[in-house]
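K.L.:
Please find model11.txt (compact mmCIF, C-alpha atoms) on the next line:
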```txt
# COMPACT_ATOMS: atom_id res chain seq x y z
CA MET A 1 0.00 0.00 0.00
CA LYS A 2 1.20 3.49 -0.85
CA LEU A 3 0.21 6.69 0.92
CA LEU A 4 0.31 9.61 -1.51
CA ARG A 5 -0.19 13.30 -0.92
CA LEU A 6 -1.17 15.85 -3.55
CA LYS A 7 1.18 18.81 -3.27
CA PRO A 8 1.21 22.27 -4.86
CA GLY A 9 4.10 22.76 -7.26
CA HIS A 10 4.94 19.08 -7.28
CA GLY A 11 2.05 16.68 -7.86
CA GLU A 12 1.80 13.64 -5.65
CA VAL A 13 4.54 12.60 -3.25
CA VAL A 14 4.89 9.17 -1.67
CA LEU A 15 4.62 9.56 2.10
CA ALA A 16 4.92 5.92 3.05
CA GLU A 17 4.83 2.54 1.43
CA GLY A 18 4.46 -0.86 3.01
CA ASP A 19 2.70 -4.18 3.30
CA VAL A 20 -0.28 -4.08 5.67
CA GLU A 21 0.27 -7.76 6.42
CA VAL A 22 3.66 -6.99 7.97
CA PRO A 23 2.97 -5.54 11.45
CA GLU A 24 5.96 -3.16 11.52
CA GLU A 25 5.15 -1.77 8.09
CA GLU A 26 1.47 -1.49 8.95
CA GLN A 27 2.38 0.51 12.05
CA LEU A 28 4.44 2.92 9.93
CA LEU A 29 1.51 3.31 7.54
CA ILE A 30 -0.89 3.96 10.43
CA GLU A 31 1.41 6.63 11.88
CA ALA A 32 1.84 8.36 8.52
CA PHE A 33 -1.94 8.16 7.99
CA ARG A 34 -2.63 9.80 11.36
CA ARG A 35 -0.10 12.57 10.75
CA GLN A 36 -1.88 13.54 7.54
CA LEU A 37 -5.31 13.56 9.16
CA ASP A 38 -3.92 15.61 12.05
CA ALA A 39 -2.56 18.05 9.46
CA GLY A 40 -6.12 18.52 8.20
CA MET A 41 -5.94 16.38 5.08
CA TRP A 42 -8.72 14.30 3.61
CA ALA A 43 -7.92 10.68 2.80
CA ALA A 44 -9.42 8.93 -0.21
CA VAL A 45 -9.15 5.41 -1.53
CA PRO A 46 -9.62 5.13 -5.29
CA SER A 47 -11.05 1.79 -6.30
CA LYS A 48 -12.30 -0.20 -9.24
CA SER A 49 -15.46 -2.27 -8.92
CA SER A 50 -15.87 -5.74 -10.41
CA ASP A 51 -17.64 -4.25 -13.47
CA GLY A 52 -14.66 -1.97 -14.07
CA ARG A 53 -16.33 1.18 -12.74
CA ARG A 54 -13.90 3.54 -11.03
CA THR A 55 -14.89 5.35 -7.90
CA ALA A 56 -13.39 6.77 -4.71
CA GLU A 57 -14.21 6.64 -1.06
CA LEU A 58 -13.26 9.08 1.71
CA VAL A 59 -11.94 7.38 4.85
CA ARG A 60 -11.56 8.80 8.33
CA GLN A 61 -9.39 6.17 9.95
CA PHE A 62 -6.87 3.62 8.82
CA ALA A 63 -9.19 0.77 9.82
CA ASP A 64 -11.62 1.96 7.10
CA VAL A 65 -9.03 1.47 4.35
CA PRO A 66 -9.65 -1.82 2.54
CA ARG A 67 -6.79 -4.22 3.22
CA ASP A 68 -6.22 -4.75 -0.48
CA ALA A 69 -6.17 -1.02 -1.35
CA GLU A 70 -3.14 -0.08 -3.41
CA ARG A 71 -3.21 3.63 -2.67
CA VAL A 72 -4.54 6.15 -0.22
CA ILE A 73 -4.53 9.70 -1.54
CA PHE A 74 -4.34 12.65 0.84
CA PHE A 75 -5.37 16.08 -0.28
CA PRO A 76 -6.26 19.37 1.44
CA ARG A 77 -9.72 19.53 2.96
CA ALA A 78 -12.35 21.23 0.80
CA ALA A 79 -13.23 24.77 1.73
CA GLY A 80 -15.79 27.10 0.28
CA GLY A 81 -13.91 28.93 -2.44
CA ALA A 82 -13.28 32.65 -2.41
CA GLN A 83 -16.39 34.75 -2.69
CA ARG A 84 -15.05 36.77 -5.60
CA ALA A 85 -11.96 35.66 -7.42
CA GLU A 86 -10.70 32.16 -6.91
CA SER A 87 -12.45 28.81 -6.73
CA MET B 1 49.54 64.83 31.31
CA GLN B 2 48.74 64.47 27.61
CA LEU B 3 50.41 61.09 27.49
CA ALA B 4 48.33 59.86 30.41
CA LEU B 5 45.15 61.17 28.84
CA GLY B 6 46.01 59.55 25.49
CA THR B 7 46.73 56.24 27.15
CA ALA B 8 43.48 56.42 29.06
CA VAL B 9 41.56 57.06 25.82
CA VAL B 10 43.22 54.10 24.08
CA VAL B 11 42.47 51.82 27.03
CA LEU B 12 38.88 53.04 27.09
CA VAL B 13 38.42 52.39 23.37
CA VAL B 14 39.89 48.89 23.69
CA LEU B 15 37.65 48.14 26.67
CA VAL B 16 34.50 49.35 24.91
CA TRP B 17 35.45 47.34 21.80
CA GLU B 18 36.00 44.20 23.88
CA LEU B 19 32.64 44.69 25.60
CA CYS B 20 30.73 45.30 22.38
CA ARG B 21 32.50 42.76 20.17
CA PRO B 22 30.41 39.67 21.11
CA ARG B 23 27.17 41.57 20.56
CA LEU B 24 28.35 42.98 17.25
CA MET B 25 29.50 39.54 16.07
CA ARG B 26 26.12 38.02 17.05
CA ALA B 27 24.23 40.80 15.27
CA LEU B 28 26.34 40.30 12.14
CA ALA B 29 25.76 36.54 12.20
CA GLN B 30 22.00 37.07 12.61
CA LEU B 31 21.97 39.51 9.73
CA ARG B 32 23.79 37.00 7.51
CA GLU B 33 21.33 34.25 8.53
CA GLN B 34 18.33 36.46 7.80
CA ARG B 35 19.70 37.34 4.38
CA ALA B 36 20.35 33.67 3.58
CA LEU B 37 16.83 32.72 4.74
CA ALA B 38 15.26 35.48 2.64
CA ALA B 39 17.27 34.31 -0.38
CA ARG B 40 16.12 30.70 0.17
CA ARG B 41 12.50 31.84 0.44
CA ARG B 42 12.83 33.88 -2.73
CA ASP B 43 14.18 30.81 -4.53
CA GLU B 44 11.36 28.64 -3.22
CA THR B 45 8.58 31.02 -4.12
CA ARG B 46 9.93 32.03 -7.50
CA PHE B 47 7.61 30.74 -10.19
CA ASP B 48 9.33 28.00 -12.12
CA PRO B 49 7.43 27.04 -15.30
CA GLY B 50 9.47 23.84 -15.64
CA ARG B 51 8.58 22.73 -12.13
CA GLU B 52 4.90 23.56 -12.66
CA LEU B 53 4.89 21.63 -15.94
CA ARG B 54 6.47 18.57 -14.33
CA ALA B 55 3.94 18.82 -11.48
CA GLU B 56 1.05 18.93 -13.98
CA GLN B 57 2.42 15.94 -15.89
CA ARG B 58 2.72 13.98 -12.67
CA ALA B 59 -0.80 15.03 -11.67
CA ARG B 60 -2.17 13.97 -15.06
CA ARG B 61 -0.70 10.50 -14.67
CA LEU B 62 -2.38 10.16 -11.28
CA LEU B 63 -5.69 11.49 -12.60
CA ARG B 64 -5.56 9.01 -15.47
CA SER B 65 -5.01 6.14 -13.04
CA CYS B 66 -7.95 7.13 -10.83
CA VAL B 67 -10.86 8.32 -12.98
CA PRO B 68 -12.74 6.34 -15.65
CA GLN B 69 -11.13 6.24 -19.09
CA GLU B 70 -13.81 8.46 -20.65
CA GLU B 71 -13.36 11.16 -18.02
CA TRP B 72 -9.59 11.06 -18.45
CA GLU B 73 -9.89 11.49 -22.21
CA MET B 74 -12.35 14.32 -21.63
CA TYR B 75 -9.84 16.17 -19.45
CA ARG B 76 -7.01 15.48 -21.87
CA ASP B 77 -8.95 16.70 -24.90
CA LEU B 78 -11.26 19.36 -23.48
CA GLY B 79 -9.65 20.50 -20.24
CA PHE B 80 -12.61 19.65 -18.00
CA ILE B 81 -14.55 16.63 -16.78
CA ARG B 82 -18.29 15.96 -16.70
CA VAL B 83 -19.54 13.99 -13.71
CA TRP B 84 -23.10 12.77 -13.52
CA GLY B 85 -25.09 13.64 -10.40
CA SER B 86 -25.79 10.93 -7.87
CA ARG B 87 -29.45 10.83 -8.95
CA GLY B 88 -28.78 9.58 -12.45
CA GLU B 89 -28.67 11.72 -15.56
CA ALA B 90 -31.09 14.40 -14.39
CA TYR B 91 -28.18 16.72 -13.73
CA ALA B 92 -24.42 16.73 -14.07
CA TYR B 93 -21.39 18.75 -13.06
CA LEU B 94 -18.54 20.24 -15.05
CA LEU B 95 -15.24 20.14 -13.19
CA TYR B 96 -12.77 22.78 -14.30
CA PRO B 97 -9.34 23.23 -12.71
CA HIS B 98 -9.34 26.05 -10.17
CA ARG B 99 -12.79 27.25 -11.16
CA PRO B 100 -16.18 26.60 -9.59
CA ILE B 101 -17.97 23.30 -10.12
CA LEU B 102 -20.82 23.98 -12.46
CA ALA B 103 -24.14 22.10 -12.20
CA TYR B 104 -26.36 21.88 -15.27
CA VAL B 105 -29.16 19.88 -16.87
CA PRO B 106 -27.68 17.78 -19.70
CA GLN B 107 -31.01 17.37 -21.53
CA THR B 108 -31.68 21.08 -21.87
CA GLY B 109 -28.25 22.62 -21.26
CA GLU B 110 -29.78 24.78 -18.53
CA LEU B 111 -27.15 26.02 -16.07
CA LEU B 112 -28.19 25.47 -12.46
CA SER B 113 -25.52 26.84 -10.17
CA GLU B 114 -21.85 27.38 -9.47
CA TYR B 115 -20.31 25.64 -6.46
CA CYS B 116 -17.20 27.49 -5.46
CA VAL B 117 -14.83 25.14 -3.67
CA ALA B 118 -11.07 25.05 -3.17
CA PHE B 119 -8.48 22.67 -1.73
CA PRO B 120 -5.92 25.08 -0.32
CA ASP B 121 -2.71 23.58 1.04
CA GLU B 122 -1.74 26.07 3.73
CA SER B 123 1.72 24.54 4.11
CA ARG B 124 2.37 26.37 0.79
CA PRO B 125 5.29 24.38 -0.57
CA TYR B 126 7.02 26.48 -3.23
CA GLY B 127 5.01 29.45 -1.98
CA SER B 128 1.67 28.45 -3.48
CA HIS B 129 -1.40 26.83 -1.95
CA ARG B 130 -2.79 25.77 -5.37
CA LEU B 131 -2.61 22.15 -6.45
CA PRO B 132 -1.60 21.41 -10.05
CA ASP B 133 -4.62 21.65 -12.38
CA ALA B 134 -5.11 17.89 -12.78
CA ASP B 135 -4.78 17.36 -9.02
CA ASP B 136 -7.43 20.02 -8.39
CA VAL B 137 -9.78 18.24 -10.81
CA LEU B 138 -8.93 14.90 -9.17
CA ALA B 139 -9.69 16.30 -5.70
CA LYS B 140 -13.06 17.56 -6.96
CA TRP B 141 -13.80 14.25 -8.66
CA ILE B 142 -12.92 12.27 -5.51
CA ALA B 143 -14.96 14.55 -3.26
CA LEU B 144 -17.98 14.44 -5.60
CA SER B 145 -17.75 10.69 -6.14
CA ALA B 146 -17.33 9.96 -2.44
CA ASP B 147 -19.75 12.41 -0.87
CA GLU B 148 -21.54 14.72 -3.30
CA ARG B 149 -23.85 16.14 -0.66
CA ALA B 150 -21.01 17.05 1.73
CA LEU B 151 -19.01 18.77 -1.00
CA VAL B 152 -22.01 20.76 -2.18
CA ALA B 153 -22.75 21.74 1.44
CA GLU B 154 -19.15 22.90 1.92
CA ALA B 155 -19.05 24.97 -1.26
CA ASN B 156 -20.23 28.55 -1.69
CA MET B 157 -23.19 28.32 -4.04
CA HIS B 158 -23.86 31.06 -6.56
CA LEU B 159 -26.10 31.58 -9.53
CA PRO B 160 -24.52 30.70 -12.88
CA GLY B 161 -22.47 33.47 -14.43
CA ARG B 162 -20.80 34.70 -11.27
CA GLN B 163 -17.33 33.39 -12.13
CA ILE B 164 -17.75 31.37 -15.31
CA ASP B 165 -19.17 33.09 -18.33
CA PRO B 166 -22.36 31.22 -19.36
CA ASP B 167 -21.40 31.66 -23.02
CA ASP B 168 -18.12 29.86 -22.32
CA VAL B 169 -20.03 27.03 -20.66
CA ARG B 170 -22.44 26.72 -23.59
CA ARG B 171 -19.46 26.60 -25.93
CA ASP B 172 -17.87 23.90 -23.73
CA LEU B 173 -21.11 21.89 -23.71
CA ALA B 174 -21.20 22.06 -27.51
CA ARG B 175 -17.55 20.93 -27.63
CA LEU B 176 -18.40 18.10 -25.24
CA SER B 177 -21.30 17.02 -27.40
CA ARG B 178 -19.14 16.97 -30.55
CA TRP B 179 -16.38 15.16 -28.68
CA GLU B 180 -18.80 12.46 -27.47
CA ARG B 181 -20.15 11.90 -30.97
CA ALA B 182 -16.63 11.59 -32.39
CA ARG B 183 -15.57 9.25 -29.59
CA SER B 184 -18.62 7.02 -30.08
CA ALA B 185 -17.95 6.84 -33.82
CA ARG B 186 -14.31 5.96 -33.15
CA LEU B 187 -15.28 3.23 -30.67
CA ARG B 188 -17.84 1.79 -33.11
CA ALA B 189 -15.21 1.76 -35.85
CA ASP B 190 -12.73 0.02 -33.54
CA ILE B 191 -15.30 -2.64 -32.68
CA ALA B 192 -16.19 -3.15 -36.36
CA ARG B 193 -12.51 -3.58 -37.23
CA ALA B 194 -12.02 -6.08 -34.41
CA VAL B 195 -15.01 -8.25 -35.44
```
Please re-express this file's structure in structure tokens.
P.N.:
Amino acid sequence: MKLLRLKPGHGEVVLAEGDVEVPEEEQLLIEAFRRQLDAGMWAAVPSKSSDGRRTAELVRQFADVPRDAERVIFFPRAAGGAQRAES
Amino acid sequence: MQLALGTAVVVLVVLVWELCRPRLMRALAQLREQRALAARRRDETRFDPGRELRAEQRARRLLRSCVPQEEWEMYRDLGFIRVWGSRGEAYAYLLYPHRPILAYVPQTGELLSEYCVAFPDESRPYGSHRLPDADDVLAKWIALSADERALVAEANMHLPGRQIDPDDVRRDLARLSRWERARSARLRADIARAV
């Protein structure tokens, strides 16, 4: 599993990578996951259903991430855009 | 008398210098540090088109790997993505990078509203809080796909025309319609060739 973060001026960066079936690596993933949520990020798991349809799910804790997920994507929390100029 | 006075002055100057020297050296070091920090910040925040281009290319690869093939091709060819509403084809959204999400009725082309939403990264790496264009579209797509209602509730809603010119949107809808027809024809031709 890879934890990725979308970053201005860079695109995604790999925050952590590991096998959830290996306890030490899972622990590192959990810690990195928590740090991102504490920093105010949203976490999403992109997935592909059996009929090939692509979708995404927002998760609030590491336990909600499917064990077979390949990626968790962190991105800044949505905020109502600027009233005038920028959205 | 003059000799004694002169000696006293020299001793005084040396004493004052010795007393002030550590402070002066510290102040000089701080000044050098501040200048170096300011220079580093200038370098970080300077707009670098090459860096932004690489970021967008990276973001496009990620977008392509996450959204359905049709949506990816739409972004690649048209610069925006259409996402159907959660209640079927009664309404849909247009996702533009760094512009409001636009809701409309596909059957009539009627524009419903603009949802102004942003994903600001306040850590501001490279001095900017704006994600690359494709990442901004991906964030909108994820948020809409995962929890449409929450995203719409978070956004500032406005009537159409506040930030996106309705004529531009109508032109984009016409482009989308032509693009879909061409894509369908291409897919049909591919299938016919394969059979």
K.L.:
Show me which bits of chain B are within 7 Å of chain A, counting all atoms listed in the file, as number ranges by chain.
P.N.:
B: 51-52, 55-56, 58-59, 66-68, 98-100, 116-121, 125-126, 128-132, 135, 139, 142, 145-146, 154-156
K.L.:
With only C-alpha atoms counted, which protein, DNA or RNA residues have an atom no more than 7 Å from (1.8, 7.5, -3.2) in the file frame? Please answer as a compact mmCIF listing (two decimals) with C-alpha atoms, keeping the file's coordinate frame.
P.N.:
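Produced file point28.txt, reproduced below:
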```txt
# COMPACT_ATOMS: atom_id res chain seq x y z
CA LYS A 2 1.20 3.49 -0.85
CA LEU A 3 0.21 6.69 0.92
CA LEU A 4 0.31 9.61 -1.51
CA ARG A 5 -0.19 13.30 -0.92
CA GLU A 12 1.80 13.64 -5.65
CA VAL A 13 4.54 12.60 -3.25
CA VAL A 14 4.89 9.17 -1.67
CA LEU A 15 4.62 9.56 2.10
CA ARG A 71 -3.21 3.63 -2.67
CA ILE A 73 -4.53 9.70 -1.54
```
K.L.:
Mind checking which residues fall within 10 Å of Leu29 (chain A), counting only C-alpha atoms, ignoring those fewer than 4 positions away in the same chain, and posting them as a list in words?
P.N.:
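Everything that qualifies: Met1, Lys2, Leu3, Leu15, Ala16, Glu17, Gly18, Asp19, Val20, Pro23, Glu24, Glu25, Phe33, Arg34, Arg35 and Phe62 of chain A.
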K.L.:
To one decimal place, how far is CA of Ala36 (chain B) from CA of Arg23 (chain B) in Å?
P.N.:
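Between CA of Ala36 (chain B) and CA of Arg23 (chain B) the gap is 19.9 Å.
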K.L.:
Please, what distance in Å, to one decimal, runs between CA of Asp51 (chain A) and CA of Asp133 (chain B)?
P.N.:
29.0 Å
K.L.:
Do you have the CA of Pro97 (chain B)-CA of Val137 (chain B) distance handy?
P.N.:
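Atom-to-atom, CA of Pro97 (chain B) and CA of Val137 (chain B) are spaced 5.4 Å apart.
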K.L.:
May I have the protein, DNA and RNA residues with any atom at most 12 Å from the point (-30.0, 14.4, -5.3), counting only C-alpha atoms, written as a compact mmCIF listing (two decimals) with C-alpha atoms, in the frame of the given file?
P.N.:
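Below is the file selection.txt, written as the result:
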```
# COMPACT_ATOMS: atom_id res chain seq x y z
CA TRP B 84 -23.10 12.77 -13.52
CA GLY B 85 -25.09 13.64 -10.40
CA SER B 86 -25.79 10.93 -7.87
CA ARG B 87 -29.45 10.83 -8.95
CA GLY B 88 -28.78 9.58 -12.45
CA GLU B 89 -28.67 11.72 -15.56
CA ALA B 90 -31.09 14.40 -14.39
CA TYR B 91 -28.18 16.72 -13.73
CA ALA B 92 -24.42 16.73 -14.07
CA ALA B 103 -24.14 22.10 -12.20
CA ASP B 147 -19.75 12.41 -0.87
CA GLU B 148 -21.54 14.72 -3.30
CA ARG B 149 -23.85 16.14 -0.66
CA ALA B 150 -21.01 17.05 1.73
CA VAL B 152 -22.01 20.76 -2.18
```
K.L.:
Once 3 Å is added on each side, what centre and edge lengths in Å to one decimal does the axis-aligned box around all listed atoms of region 161-179 of chain B have, as AutoDock Vina command-line options?
P.N.:
```
--center_x -19.4 --center_y 24.9 --center_z -20.9 --size_x 12.1 --size_y 25.5 --size_z 25.3
```
